[in-house]
>>> print(open('start23.txt').read())   # compact mmCIF, C-alpha atoms
# COMPACT_ATOMS: atom_id res chain seq x y z
CA LEU A 151 -54.48 35.45 -66.52
CA HIS A 152 -57.81 35.14 -68.32
CA ASP A 153 -56.50 36.58 -71.60
CA PHE A 154 -53.32 34.49 -71.47
CA VAL A 155 -55.26 31.25 -70.91
CA GLU A 156 -57.60 32.13 -73.78
CA ILE A 157 -54.56 32.48 -76.06
CA LEU A 158 -53.27 29.08 -74.92
CA LEU A 159 -56.65 27.51 -75.66
CA GLU A 160 -56.81 29.13 -79.10
CA GLN A 161 -53.44 27.52 -79.80
CA ARG A 162 -54.71 24.18 -78.43
CA ARG A 163 -52.10 24.18 -75.69
CA TYR A 164 -54.60 22.61 -73.33
CA ASP A 165 -52.07 21.05 -70.97
CA GLU A 166 -50.39 24.42 -70.30
CA ALA A 167 -53.75 26.11 -69.73
CA TYR A 168 -54.76 23.34 -67.35
CA GLU A 169 -51.52 23.55 -65.35
CA LEU A 170 -52.03 27.29 -64.87
CA LEU A 171 -55.59 26.92 -63.61
CA LYS A 172 -55.39 23.60 -61.76
CA PRO A 173 -54.15 25.07 -58.42
CA TYR A 174 -57.27 27.24 -58.05
CA GLY A 175 -60.44 25.95 -56.43
CA PRO A 176 -64.05 27.06 -57.14
CA GLU A 177 -63.84 29.84 -54.56
CA ASP A 178 -60.45 31.13 -55.68
CA ILE A 179 -61.24 32.29 -59.23
CA THR A 180 -64.16 33.78 -61.13
CA PRO A 181 -66.68 31.71 -63.15
CA PRO A 182 -65.09 32.84 -66.46
CA LEU A 183 -61.73 31.36 -65.37
CA ARG A 184 -63.43 28.17 -64.17
CA PHE A 185 -65.09 28.05 -67.58
CA LEU A 186 -61.64 28.17 -69.23
CA LEU A 187 -60.51 25.38 -66.90
CA ALA A 188 -63.42 23.27 -68.17
CA LYS A 189 -62.44 24.01 -71.77
CA SER A 190 -58.86 22.95 -71.08
CA LEU A 191 -60.13 19.70 -69.53
CA ALA A 192 -62.36 19.11 -72.53
CA GLY A 193 -59.40 19.71 -74.83
CA LEU A 194 -57.48 17.06 -72.87
CA LYS A 195 -60.41 14.62 -73.39
CA LYS A 196 -61.23 14.71 -69.67
CA ARG A 197 -64.89 15.28 -70.36
CA LYS A 198 -66.30 13.95 -67.09
CA GLU A 199 -64.13 16.40 -65.13
CA ALA A 200 -65.02 19.21 -67.55
CA LEU A 201 -68.74 18.51 -67.09
CA LYS A 202 -68.34 18.67 -63.31
CA VAL A 203 -66.61 22.05 -63.49
CA LEU A 204 -69.20 23.44 -65.91
CA ARG A 205 -72.05 22.38 -63.64
CA GLU A 206 -70.35 24.28 -60.81
CA VAL A 207 -69.97 27.33 -63.07
CA VAL A 208 -73.63 27.50 -64.14
CA ALA A 209 -74.77 26.83 -60.58
CA LYS A 210 -72.81 29.87 -59.46
CA ASP A 211 -73.73 32.01 -62.49
CA PRO A 212 -77.00 30.78 -64.10
CA GLU A 213 -76.82 33.57 -66.70
CA PHE A 214 -73.45 32.38 -68.07
CA LEU A 215 -74.87 31.34 -71.46
CA GLU A 216 -71.53 30.40 -72.99
CA ALA A 217 -70.94 27.93 -70.17
CA TRP A 218 -74.40 26.44 -70.73
CA ALA A 219 -73.64 26.04 -74.44
CA GLU A 220 -70.33 24.31 -73.68
CA LEU A 221 -72.10 22.04 -71.20
CA ALA A 222 -74.64 21.04 -73.86
CA PHE A 223 -71.89 20.41 -76.40
CA LEU A 224 -70.03 18.11 -74.01
CA HIS A 225 -73.24 16.21 -73.33
CA GLU A 226 -73.52 15.75 -77.11
CA LEU A 227 -70.00 14.35 -77.28
CA GLU A 228 -70.92 11.97 -74.48
CA LYS A 229 -74.04 11.03 -76.49
CA ASP A 230 -76.32 12.23 -73.70
CA TYR A 231 -78.71 13.83 -76.17
CA VAL A 232 -81.55 14.23 -73.68
CA ALA A 233 -79.41 16.43 -71.42
CA ALA A 234 -78.06 18.37 -74.41
CA GLU A 235 -81.55 19.00 -75.78
CA ALA A 236 -82.79 20.27 -72.41
CA ILE A 237 -79.94 22.79 -72.21
CA TYR A 238 -80.46 24.02 -75.79
CA GLU A 239 -84.16 24.54 -74.97
CA ARG A 240 -83.13 26.48 -71.87
CA LEU A 241 -80.83 28.71 -73.96
CA LEU A 242 -83.70 29.51 -76.34
CA GLU A 243 -85.89 30.43 -73.39
CA LYS A 244 -83.16 32.76 -72.16
CA GLY A 245 -83.25 34.64 -75.47
CA GLU A 246 -80.28 33.10 -77.27
CA THR A 247 -81.55 32.83 -80.86
CA SER A 248 -78.54 32.14 -83.06
CA GLN A 249 -79.07 29.94 -86.10
CA GLU A 250 -76.40 27.56 -84.81
CA LEU A 251 -78.34 27.02 -81.58
CA TRP A 252 -81.56 26.23 -83.46
CA LEU A 253 -79.71 23.75 -85.66
CA ARG A 254 -78.10 22.05 -82.64
CA LEU A 255 -81.52 21.65 -81.00
CA ILE A 256 -83.01 20.29 -84.23
CA ASP A 257 -80.11 17.86 -84.58
CA MET A 258 -80.61 16.64 -81.01
CA ASN A 259 -84.27 15.86 -81.68
CA ILE A 260 -83.37 14.04 -84.88
CA LYS A 261 -80.82 11.95 -82.96
CA LEU A 262 -83.49 11.22 -80.36
CA ASN A 263 -85.68 9.91 -83.21
CA GLN A 264 -88.15 12.77 -82.84
CA PRO A 265 -88.25 14.04 -86.45
CA ASP A 266 -91.70 15.64 -86.20
CA LYS A 267 -90.65 17.64 -83.15
CA ALA A 268 -87.49 18.64 -85.03
CA LEU A 269 -89.62 19.77 -87.98
CA ALA A 270 -91.80 21.86 -85.66
CA LEU A 271 -88.63 23.53 -84.35
CA VAL A 272 -87.59 24.44 -87.89
CA GLN A 273 -90.94 26.10 -88.41
CA ARG A 274 -90.45 28.07 -85.15
CA GLY A 275 -86.89 29.07 -86.00
CA PRO A 276 -85.25 31.63 -88.31
CA THR A 277 -86.95 32.23 -91.64
CA ASP A 278 -83.91 32.78 -93.85
CA LEU A 279 -83.11 30.39 -96.68
CA SER A 280 -79.74 29.20 -95.39
CA PHE A 281 -81.40 27.97 -92.18
CA TYR A 282 -84.00 25.94 -94.09
CA LEU A 283 -81.36 24.36 -96.33
CA SER A 284 -79.11 23.52 -93.37
CA ALA A 285 -82.03 22.01 -91.47
CA SER A 286 -83.13 19.97 -94.49
CA SER A 287 -79.58 18.58 -94.74
CA LEU A 288 -79.84 17.33 -91.15
CA PHE A 289 -83.01 15.43 -92.00
CA LEU A 290 -81.48 14.08 -95.21
CA ASP A 291 -78.30 12.91 -93.50
CA ASN A 292 -80.42 10.90 -91.06
CA HIS A 293 -82.78 9.52 -93.75
CA PHE A 294 -85.87 11.42 -92.63
CA TYR A 295 -86.92 12.11 -96.19
CA ASP A 296 -90.56 13.10 -95.56
CA GLN A 297 -89.59 15.90 -93.19
CA ALA A 298 -86.83 17.14 -95.51
CA GLU A 299 -89.28 17.20 -98.43
CA LYS A 300 -91.81 19.23 -96.42
CA LEU A 301 -89.13 21.89 -95.91
CA LEU A 302 -87.85 21.90 -99.47
CA GLN A 303 -90.97 21.64 -101.61
CA PRO A 304 -92.21 25.18 -100.83
CA LEU A 305 -88.81 26.53 -101.93
CA VAL A 306 -89.27 25.20 -105.48
CA ASN A 307 -92.95 26.09 -105.76
CA LYS A 308 -92.16 29.79 -105.68
CA GLU A 309 -92.18 32.06 -108.71
CA GLU A 310 -88.38 32.04 -108.50
CA PRO A 311 -87.54 28.52 -107.23
CA ASN A 312 -84.38 27.89 -105.25
CA PRO A 313 -81.84 25.84 -107.28
CA GLU A 314 -80.18 24.29 -104.22
CA ALA A 315 -83.54 22.97 -103.05
CA PHE A 316 -83.82 21.14 -106.37
CA PHE A 317 -80.52 19.37 -105.64
CA HIS A 318 -81.70 18.24 -102.21
CA LEU A 319 -85.02 17.08 -103.65
CA ALA A 320 -83.08 15.04 -106.20
CA LEU A 321 -81.29 13.30 -103.34
CA ILE A 322 -84.63 12.54 -101.69
CA ALA A 323 -86.06 11.15 -104.92
CA TYR A 324 -83.01 8.99 -105.57
CA GLU A 325 -82.04 7.81 -102.07
CA GLY A 326 -85.38 7.91 -100.31
CA ARG A 327 -87.87 7.09 -103.06
CA LYS A 328 -85.69 5.13 -105.51
CA ASP A 329 -87.24 7.36 -108.18
CA THR A 330 -84.41 8.05 -110.62
CA PRO A 331 -86.52 9.84 -113.32
CA THR A 332 -87.82 12.37 -110.76
CA ALA A 333 -84.29 12.88 -109.44
CA LEU A 334 -83.14 13.66 -112.99
CA LYS A 335 -86.01 16.12 -113.45
CA HIS A 336 -85.00 18.03 -110.32
CA LEU A 337 -81.33 18.14 -111.36
CA GLU A 338 -82.19 19.43 -114.83
CA ALA A 339 -83.91 22.42 -113.20
CA ILE A 340 -80.61 23.68 -111.74
CA PRO A 341 -79.22 26.52 -113.92
CA ASP A 342 -75.59 26.52 -115.02
CA SER A 343 -74.99 29.74 -113.08
CA ASN A 344 -75.63 28.03 -109.75
CA ARG A 345 -72.81 26.68 -107.60
CA PHE A 346 -74.55 23.29 -107.46
CA PHE A 347 -74.50 22.93 -111.26
CA PRO A 348 -71.19 20.97 -111.46
CA ARG A 349 -72.43 18.55 -108.81
CA ALA A 350 -75.73 18.26 -110.66
CA LEU A 351 -73.88 17.34 -113.87
CA ARG A 352 -71.97 14.56 -112.11
CA PHE A 353 -75.14 13.29 -110.48
CA ARG A 354 -77.10 13.38 -113.76
CA THR A 355 -74.40 11.40 -115.55
CA HIS A 356 -74.52 8.66 -112.91
CA LEU A 357 -78.34 8.58 -113.02
CA LEU A 358 -78.42 8.25 -116.80
CA TYR A 359 -75.98 5.38 -116.50
CA ASP A 360 -78.20 3.75 -113.85
CA LEU A 361 -81.16 4.03 -116.22
CA GLY A 362 -79.19 2.32 -118.99
CA LYS A 363 -79.17 5.48 -121.12
CA MET A 364 -75.54 4.98 -122.10
CA GLU A 365 -75.40 7.32 -125.09
CA GLU A 366 -76.99 10.13 -123.10
CA ALA A 367 -74.56 9.48 -120.24
CA LYS A 368 -71.60 9.71 -122.67
CA LYS A 369 -72.87 12.95 -124.20
CA LEU A 370 -73.53 14.59 -120.84
CA ALA A 371 -70.13 13.52 -119.48
CA ALA A 372 -68.44 15.00 -122.55
CA LYS A 373 -70.46 18.21 -122.21
CA ALA A 374 -69.48 18.47 -118.54
CA ARG A 375 -65.77 18.02 -119.34
CA GLU A 376 -65.95 20.69 -122.07
CA ARG A 377 -67.87 23.06 -119.79
CA PHE A 378 -65.39 22.60 -116.90
CA PRO A 379 -62.06 21.67 -118.54
CA ASP A 380 -60.02 22.63 -115.47
CA ASP A 381 -61.89 20.20 -113.20
CA LYS A 382 -60.18 16.82 -113.52
CA THR A 383 -63.15 15.01 -111.94
CA PHE A 384 -65.07 15.52 -115.17
CA TRP A 385 -62.27 13.89 -117.16
CA THR A 386 -62.30 10.83 -114.92
CA LEU A 387 -66.12 10.82 -114.96
CA GLU A 388 -66.25 10.61 -118.75
CA ALA A 389 -63.46 8.04 -118.88
CA GLY A 390 -65.28 6.03 -116.21
CA VAL A 391 -68.43 5.80 -118.32
CA TYR A 392 -66.46 4.34 -121.24
CA GLU A 393 -64.51 2.09 -118.88
CA ASP A 394 -67.68 0.64 -117.36
CA LEU A 395 -69.00 -0.06 -120.86
CA GLY A 396 -65.80 -1.89 -121.79
CA GLU A 397 -64.86 0.76 -124.36
CA TYR A 398 -61.30 0.97 -123.14
CA ASP A 399 -59.73 2.74 -126.14
CA GLN A 400 -62.00 5.75 -125.66
CA ALA A 401 -61.43 5.73 -121.90
CA LEU A 402 -57.64 5.58 -122.37
CA ALA A 403 -57.70 8.41 -124.92
CA ILE A 404 -59.46 10.68 -122.40
CA MET A 405 -57.05 9.68 -119.63
CA ALA A 406 -54.04 10.26 -121.87
CA ASN A 407 -55.18 13.84 -122.44
CA ALA A 408 -55.83 14.25 -118.72
CA THR A 409 -52.36 13.01 -117.71
CA ARG A 410 -50.78 15.38 -120.23
CA ARG A 411 -52.76 18.22 -118.71
CA TRP A 412 -51.92 17.26 -115.09
CA THR A 413 -48.44 15.80 -115.44
CA GLN A 414 -47.80 15.37 -111.70
CA ASP A 415 -51.16 13.90 -110.77
CA TYR A 416 -50.46 10.28 -109.88
CA ASP A 417 -54.10 9.51 -109.12
CA LEU A 418 -54.73 9.94 -112.85
CA VAL A 419 -51.74 7.72 -113.64
CA TYR A 420 -53.08 5.06 -111.27
CA ARG A 421 -56.56 5.30 -112.82
CA THR A 422 -55.00 4.85 -116.26
CA GLY A 423 -53.18 1.76 -115.02
CA ILE A 424 -56.45 0.22 -113.85
CA ILE A 425 -58.04 0.77 -117.26
CA LEU A 426 -55.01 -0.73 -119.01
CA ASP A 427 -55.26 -3.75 -116.74
CA LYS A 428 -58.93 -4.21 -117.62
CA ALA A 429 -58.07 -3.84 -121.31
CA LYS A 430 -55.47 -6.63 -120.88
>>> encode(input="start23.txt", output="C-alpha cells")
Amino acid sequence: LHDFVEILLEQRRYDEAYELLKPYGPEDITPPLRFLLAKSLAGLKKRKEALKVLREVVAKDPEFLEAWAELAFLHELEKDYVAAEAIYERLLEKGETSQELWLRLIDMNIKLNQPDKALALVQRGPTDLSFYLSASSLFLDNHFYDQAEKLLQPLVNKEEPNPEAFFHLALIAYEGRKDTPTALKHLEAIPDSNRFFPRALRFRTHLLYDLGKMEEAKKLAAKARERFPDDKTFWTLEAGVYEDLGEYDQALAIMANATRRWTQDYDLVYRTGIILDKAK
C-alpha cells in the first residue's frame, strides 16, 4: 500500500491517494502511511487537516525527520513563519544539515525581519560557494543589501575573485545604493567565459543608457549581438536602444534582420510593428 500511494502522489493523483488512506485511523496504520495521508491532504489544499495529521505523526514518532520537514513547509505556506523557524531549528539540532534546510531557516528569519540573525546562520552553515551565493540571493530578493554585501565582498577580494559575486554586487550597487558607476565597474569584471556574462552585457547596456552614454550603449549592444548572434534578446536590445533614441531607421533595420533570421517569431513581428507605429 505504501509504495502504491507514493506512486499516486508522485503523479499528483492526490484524491485517489486520499481515498485509499481515508478509512484508516491513527491506530490502524503506521506513521509513514499517516505521513502520506498528510501529503495527499496537502496536495488537495486541505492544509489545516494535513497539519493535524502531521502533528499526530511526529507525536508518535519524534524521530520522523521527513514529517517534521513537511510540517515546517506547511507552516510556511500558511505564513506561520515562527512555527516553521522553530521546526527548522529543531531539525538542525537533530543532525539534519542539508544545504536546503539551512536556506529554509535563513529565509524564515529574513521573512521574520531578522536579517542579522539570518546572516549569523549563514556564517554557521555550509562553507561551499553555492550556499553563500544562494543565501546572498535571499537577502537581495528581500532588499537586505547590507547583509548580502557582507557575504559577497569577501568572494571578490580573493586572489581569484568569483565572477557571480560581481554580478550580485552590481545589483546591490544599482538597486540598493543607486550607484550606477559602481554597478558598471562590477559588471565589467565578469569574464566572457562566465555564464553570467550575457546577463552582464544586457545589464551594462541598460546602465550606460541610464547614464546618458548613448554612443557607448549602442556600441556595447552591437558587440553583444555580434558575440551572441543566436540569442534574439540581443537583437531586440540593440534595436531598443535606437528606438528609445528615436532613431527608428536603424532600429527597423536590426529588426528586419532579426525577423528574417527567426521567421516564425511573432514577438519580433509585434516589436517591429510598435517601432513602425512610433516612426509614423
>>> atom_distance(input="start23.txt", atom1="CA of Ser343 in chain A", atom2="CA of Pro304 in chain A")
21.6 Å
>>> closest_residue(input="start23.txt", among="A:Asp278, A:Asp394, A:Asp266, A:Asp329", to="Gln297 in chain A", atoms="all atoms listed in the file")
A:Asp266
>>> atom_distance(input="start23.txt", atom1="CA of Leu337 in chain A", atom2="CA of Tyr392 in chain A")
22.6 Å
>>> residues_around(input="start23.txt", residues="Ala374 in chain A", least_positions_apart="5", cutoff="8 Å", atoms="all atoms listed in the file", output="list in words")
Pro348, Leu351, Arg352 and Phe384 of chain A
>>> residues_around(input="start23.txt", residues="Glu325 in chain A", least_positions_apart="2", cutoff="12 Å", atoms="only C-alpha atoms", output="ChimeraX atom specification")
/A:290-296,318-323,327-330,332-333,357
>>> residues_around(input="start23.txt", residues="Leu224 in chain A", least_positions_apart="4", cutoff="8 Å", atoms="all atoms listed in the file", output="PyMOL selection string")
chain A and resi 192+197+201+220+228
>>> closest_residue(input="start23.txt", among="A:Tyr282, A:Thr413, A:Ile425, A:Asp381", to="Glu397 in chain A", atoms="all atoms listed in the file")
A:Ile425
>>> atom_distance(input="start23.txt", atom1="CA of Tyr420 in chain A", atom2="CA of Leu361 in chain A")
28.5 Å
>>> closest_residue(input="start23.txt", among="A:Ala233, A:Leu204, A:Met258, A:Leu186", to="Leu221 in chain A", atoms="all atoms listed in the file")
A:Leu204
>>> axis_aligned_box(input="start23.txt", around="range 411-422 of chain A", padding_each_side="8 Å", output="AutoDock Vina command-line options")
--center_x -52.2 --center_y 11.5 --center_z -113.9 --size_x 24.8 --size_y 29.4 --size_z 25.6
>>> residues_around(input="start23.txt", residues="Glu366 in chain A", least_positions_apart="3", cutoff="12 Å", atoms="all atoms listed in the file", output="JSON, numbers by chain")
{"A": [354, 355, 356, 357, 358, 359, 360, 361, 362, 363, 369, 370, 371, 372, 373, 388, 391]}
>>> decode(input="start23.txt", residues="range 217-230 of chain A", atoms="all heavy atoms", output="PDB file, in the first residue's frame")
ATOM      1  N   ALA A 217       8.728  13.970   8.270  1.00  0.00           N
ATOM      2  CA  ALA A 217       7.426  14.502   8.686  1.00  0.00           C
ATOM      3  C   ALA A 217       7.595  15.886   9.320  1.00  0.00           C
ATOM      4  O   ALA A 217       6.782  16.791   9.090  1.00  0.00           O
ATOM      5  CB  ALA A 217       6.758  13.548   9.674  1.00  0.00           C
ATOM      6  N   TRP A 218       8.656  16.066  10.103  1.00  0.00           N
ATOM      7  CA  TRP A 218       8.934  17.387  10.667  1.00  0.00           C
ATOM      8  C   TRP A 218       9.155  18.411   9.551  1.00  0.00           C
ATOM      9  O   TRP A 218       8.646  19.534   9.620  1.00  0.00           O
ATOM     10  CB  TRP A 218      10.177  17.329  11.562  1.00  0.00           C
ATOM     11  CG  TRP A 218       9.952  16.797  12.941  1.00  0.00           C
ATOM     12  CD1 TRP A 218      10.403  15.613  13.455  1.00  0.00           C
ATOM     13  CD2 TRP A 218       9.230  17.433  13.998  1.00  0.00           C
ATOM     14  NE1 TRP A 218      10.000  15.456  14.755  1.00  0.00           N
ATOM     15  CE2 TRP A 218       9.279  16.568  15.129  1.00  0.00           C
ATOM     16  CE3 TRP A 218       8.536  18.636  14.116  1.00  0.00           C
ATOM     17  CZ2 TRP A 218       8.677  16.878  16.345  1.00  0.00           C
ATOM     18  CZ3 TRP A 218       7.933  18.953  15.330  1.00  0.00           C
ATOM     19  CH2 TRP A 218       8.004  18.085  16.421  1.00  0.00           C
ATOM     20  N   ALA A 219       9.923  18.022   8.534  1.00  0.00           N
ATOM     21  CA  ALA A 219      10.210  18.947   7.431  1.00  0.00           C
ATOM     22  C   ALA A 219       8.934  19.327   6.691  1.00  0.00           C
ATOM     23  O   ALA A 219       8.737  20.490   6.322  1.00  0.00           O
ATOM     24  CB  ALA A 219      11.216  18.313   6.476  1.00  0.00           C
ATOM     25  N   GLU A 220       8.054  18.348   6.473  1.00  0.00           N
ATOM     26  CA  GLU A 220       6.783  18.628   5.795  1.00  0.00           C
ATOM     27  C   GLU A 220       5.907  19.534   6.667  1.00  0.00           C
ATOM     28  O   GLU A 220       5.223  20.436   6.158  1.00  0.00           O
ATOM     29  CB  GLU A 220       6.051  17.319   5.502  1.00  0.00           C
ATOM     30  CG  GLU A 220       4.766  17.472   4.715  1.00  0.00           C
ATOM     31  CD  GLU A 220       4.979  17.822   3.255  1.00  0.00           C
ATOM     32  OE1 GLU A 220       6.128  17.706   2.767  1.00  0.00           O
ATOM     33  OE2 GLU A 220       4.000  18.222   2.593  1.00  0.00           O
ATOM     34  N   LEU A 221       5.947  19.323   7.956  1.00  0.00           N
ATOM     35  CA  LEU A 221       5.182  20.164   8.887  1.00  0.00           C
ATOM     36  C   LEU A 221       5.664  21.612   8.811  1.00  0.00           C
ATOM     37  O   LEU A 221       4.854  22.549   8.748  1.00  0.00           O
ATOM     38  CB  LEU A 221       5.337  19.618  10.307  1.00  0.00           C
ATOM     39  CG  LEU A 221       4.528  20.291  11.419  1.00  0.00           C
ATOM     40  CD1 LEU A 221       3.036  20.202  11.156  1.00  0.00           C
ATOM     41  CD2 LEU A 221       4.873  19.658  12.774  1.00  0.00           C
ATOM     42  N   ALA A 222       6.978  21.793   8.792  1.00  0.00           N
ATOM     43  CA  ALA A 222       7.537  23.147   8.686  1.00  0.00           C
ATOM     44  C   ALA A 222       7.141  23.805   7.372  1.00  0.00           C
ATOM     45  O   ALA A 222       6.777  24.983   7.333  1.00  0.00           O
ATOM     46  CB  ALA A 222       9.058  23.092   8.806  1.00  0.00           C
ATOM     47  N   PHE A 223       7.199  23.024   6.289  1.00  0.00           N
ATOM     48  CA  PHE A 223       6.862  23.567   4.975  1.00  0.00           C
ATOM     49  C   PHE A 223       5.405  24.023   4.930  1.00  0.00           C
ATOM     50  O   PHE A 223       5.087  25.090   4.388  1.00  0.00           O
ATOM     51  CB  PHE A 223       7.132  22.517   3.895  1.00  0.00           C
ATOM     52  CG  PHE A 223       6.785  22.972   2.507  1.00  0.00           C
ATOM     53  CD1 PHE A 223       7.468  24.029   1.915  1.00  0.00           C
ATOM     54  CD2 PHE A 223       5.772  22.354   1.795  1.00  0.00           C
ATOM     55  CE1 PHE A 223       7.131  24.456   0.635  1.00  0.00           C
ATOM     56  CE2 PHE A 223       5.440  22.776   0.512  1.00  0.00           C
ATOM     57  CZ  PHE A 223       6.126  23.830  -0.066  1.00  0.00           C
ATOM     58  N   LEU A 224       4.506  23.235   5.519  1.00  0.00           N
ATOM     59  CA  LEU A 224       3.093  23.629   5.538  1.00  0.00           C
ATOM     60  C   LEU A 224       2.878  24.877   6.391  1.00  0.00           C
ATOM     61  O   LEU A 224       2.049  25.732   6.057  1.00  0.00           O
ATOM     62  CB  LEU A 224       2.228  22.479   6.048  1.00  0.00           C
ATOM     63  CG  LEU A 224       2.042  21.303   5.091  1.00  0.00           C
ATOM     64  CD1 LEU A 224       1.124  20.254   5.699  1.00  0.00           C
ATOM     65  CD2 LEU A 224       1.493  21.752   3.749  1.00  0.00           C
ATOM     66  N   HIS A 225       3.627  24.998   7.474  1.00  0.00           N
ATOM     67  CA  HIS A 225       3.550  26.228   8.269  1.00  0.00           C
ATOM     68  C   HIS A 225       3.988  27.432   7.430  1.00  0.00           C
ATOM     69  O   HIS A 225       3.399  28.516   7.530  1.00  0.00           O
ATOM     70  CB  HIS A 225       4.419  26.122   9.522  1.00  0.00           C
ATOM     71  CG  HIS A 225       3.769  25.372  10.644  1.00  0.00           C
ATOM     72  ND1 HIS A 225       2.537  25.720  11.149  1.00  0.00           N
ATOM     73  CD2 HIS A 225       4.192  24.305  11.383  1.00  0.00           C
ATOM     74  CE1 HIS A 225       2.214  24.900  12.140  1.00  0.00           C
ATOM     75  NE2 HIS A 225       3.200  24.028  12.299  1.00  0.00           N
ATOM     76  N   GLU A 226       5.022  27.224   6.598  1.00  0.00           N
ATOM     77  CA  GLU A 226       5.454  28.297   5.689  1.00  0.00           C
ATOM     78  C   GLU A 226       4.319  28.710   4.765  1.00  0.00           C
ATOM     79  O   GLU A 226       4.050  29.902   4.575  1.00  0.00           O
ATOM     80  CB  GLU A 226       6.628  27.835   4.827  1.00  0.00           C
ATOM     81  CG  GLU A 226       7.980  27.965   5.459  1.00  0.00           C
ATOM     82  CD  GLU A 226       9.071  27.770   4.427  1.00  0.00           C
ATOM     83  OE1 GLU A 226       9.129  28.576   3.471  1.00  0.00           O
ATOM     84  OE2 GLU A 226       9.841  26.803   4.553  1.00  0.00           O
ATOM     85  N   LEU A 227       3.678  27.718   4.159  1.00  0.00           N
ATOM     86  CA  LEU A 227       2.587  28.016   3.230  1.00  0.00           C
ATOM     87  C   LEU A 227       1.451  28.761   3.918  1.00  0.00           C
ATOM     88  O   LEU A 227       0.770  29.584   3.302  1.00  0.00           O
ATOM     89  CB  LEU A 227       2.063  26.724   2.599  1.00  0.00           C
ATOM     90  CG  LEU A 227       3.025  25.983   1.664  1.00  0.00           C
ATOM     91  CD1 LEU A 227       2.384  24.703   1.145  1.00  0.00           C
ATOM     92  CD2 LEU A 227       3.445  26.865   0.489  1.00  0.00           C
ATOM     93  N   GLU A 228       1.267  28.463   5.203  1.00  0.00           N
ATOM     94  CA  GLU A 228       0.240  29.144   5.983  1.00  0.00           C
ATOM     95  C   GLU A 228       0.741  30.474   6.560  1.00  0.00           C
ATOM     96  O   GLU A 228       0.030  31.140   7.304  1.00  0.00           O
ATOM     97  CB  GLU A 228      -0.226  28.242   7.126  1.00  0.00           C
ATOM     98  CG  GLU A 228      -1.007  27.015   6.684  1.00  0.00           C
ATOM     99  CD  GLU A 228      -2.375  27.366   6.127  1.00  0.00           C
ATOM    100  OE1 GLU A 228      -3.233  27.859   6.892  1.00  0.00           O
ATOM    101  OE2 GLU A 228      -2.573  27.172   4.907  1.00  0.00           O
ATOM    102  N   LYS A 229       1.996  30.811   6.188  1.00  0.00           N
ATOM    103  CA  LYS A 229       2.643  32.058   6.642  1.00  0.00           C
ATOM    104  C   LYS A 229       2.826  32.115   8.163  1.00  0.00           C
ATOM    105  O   LYS A 229       2.885  33.201   8.756  1.00  0.00           O
ATOM    106  CB  LYS A 229       1.887  33.293   6.134  1.00  0.00           C
ATOM    107  CG  LYS A 229       1.808  33.359   4.609  1.00  0.00           C
ATOM    108  CD  LYS A 229       1.339  34.699   4.119  1.00  0.00           C
ATOM    109  CE  LYS A 229       1.193  34.716   2.595  1.00  0.00           C
ATOM    110  NZ  LYS A 229       2.421  34.347   1.874  1.00  0.00           N
ATOM    111  N   ASP A 230       2.916  30.946   8.781  1.00  0.00           N
ATOM    112  CA  ASP A 230       3.245  30.876  10.204  1.00  0.00           C
ATOM    113  C   ASP A 230       4.754  30.662  10.304  1.00  0.00           C
ATOM    114  O   ASP A 230       5.242  29.552  10.558  1.00  0.00           O
ATOM    115  CB  ASP A 230       2.471  29.728  10.873  1.00  0.00           C
ATOM    116  CG  ASP A 230       2.655  29.720  12.385  1.00  0.00           C
ATOM    117  OD1 ASP A 230       3.515  30.457  12.886  1.00  0.00           O
ATOM    118  OD2 ASP A 230       1.939  28.950  13.056  1.00  0.00           O
TER     119      ASP A 230
END
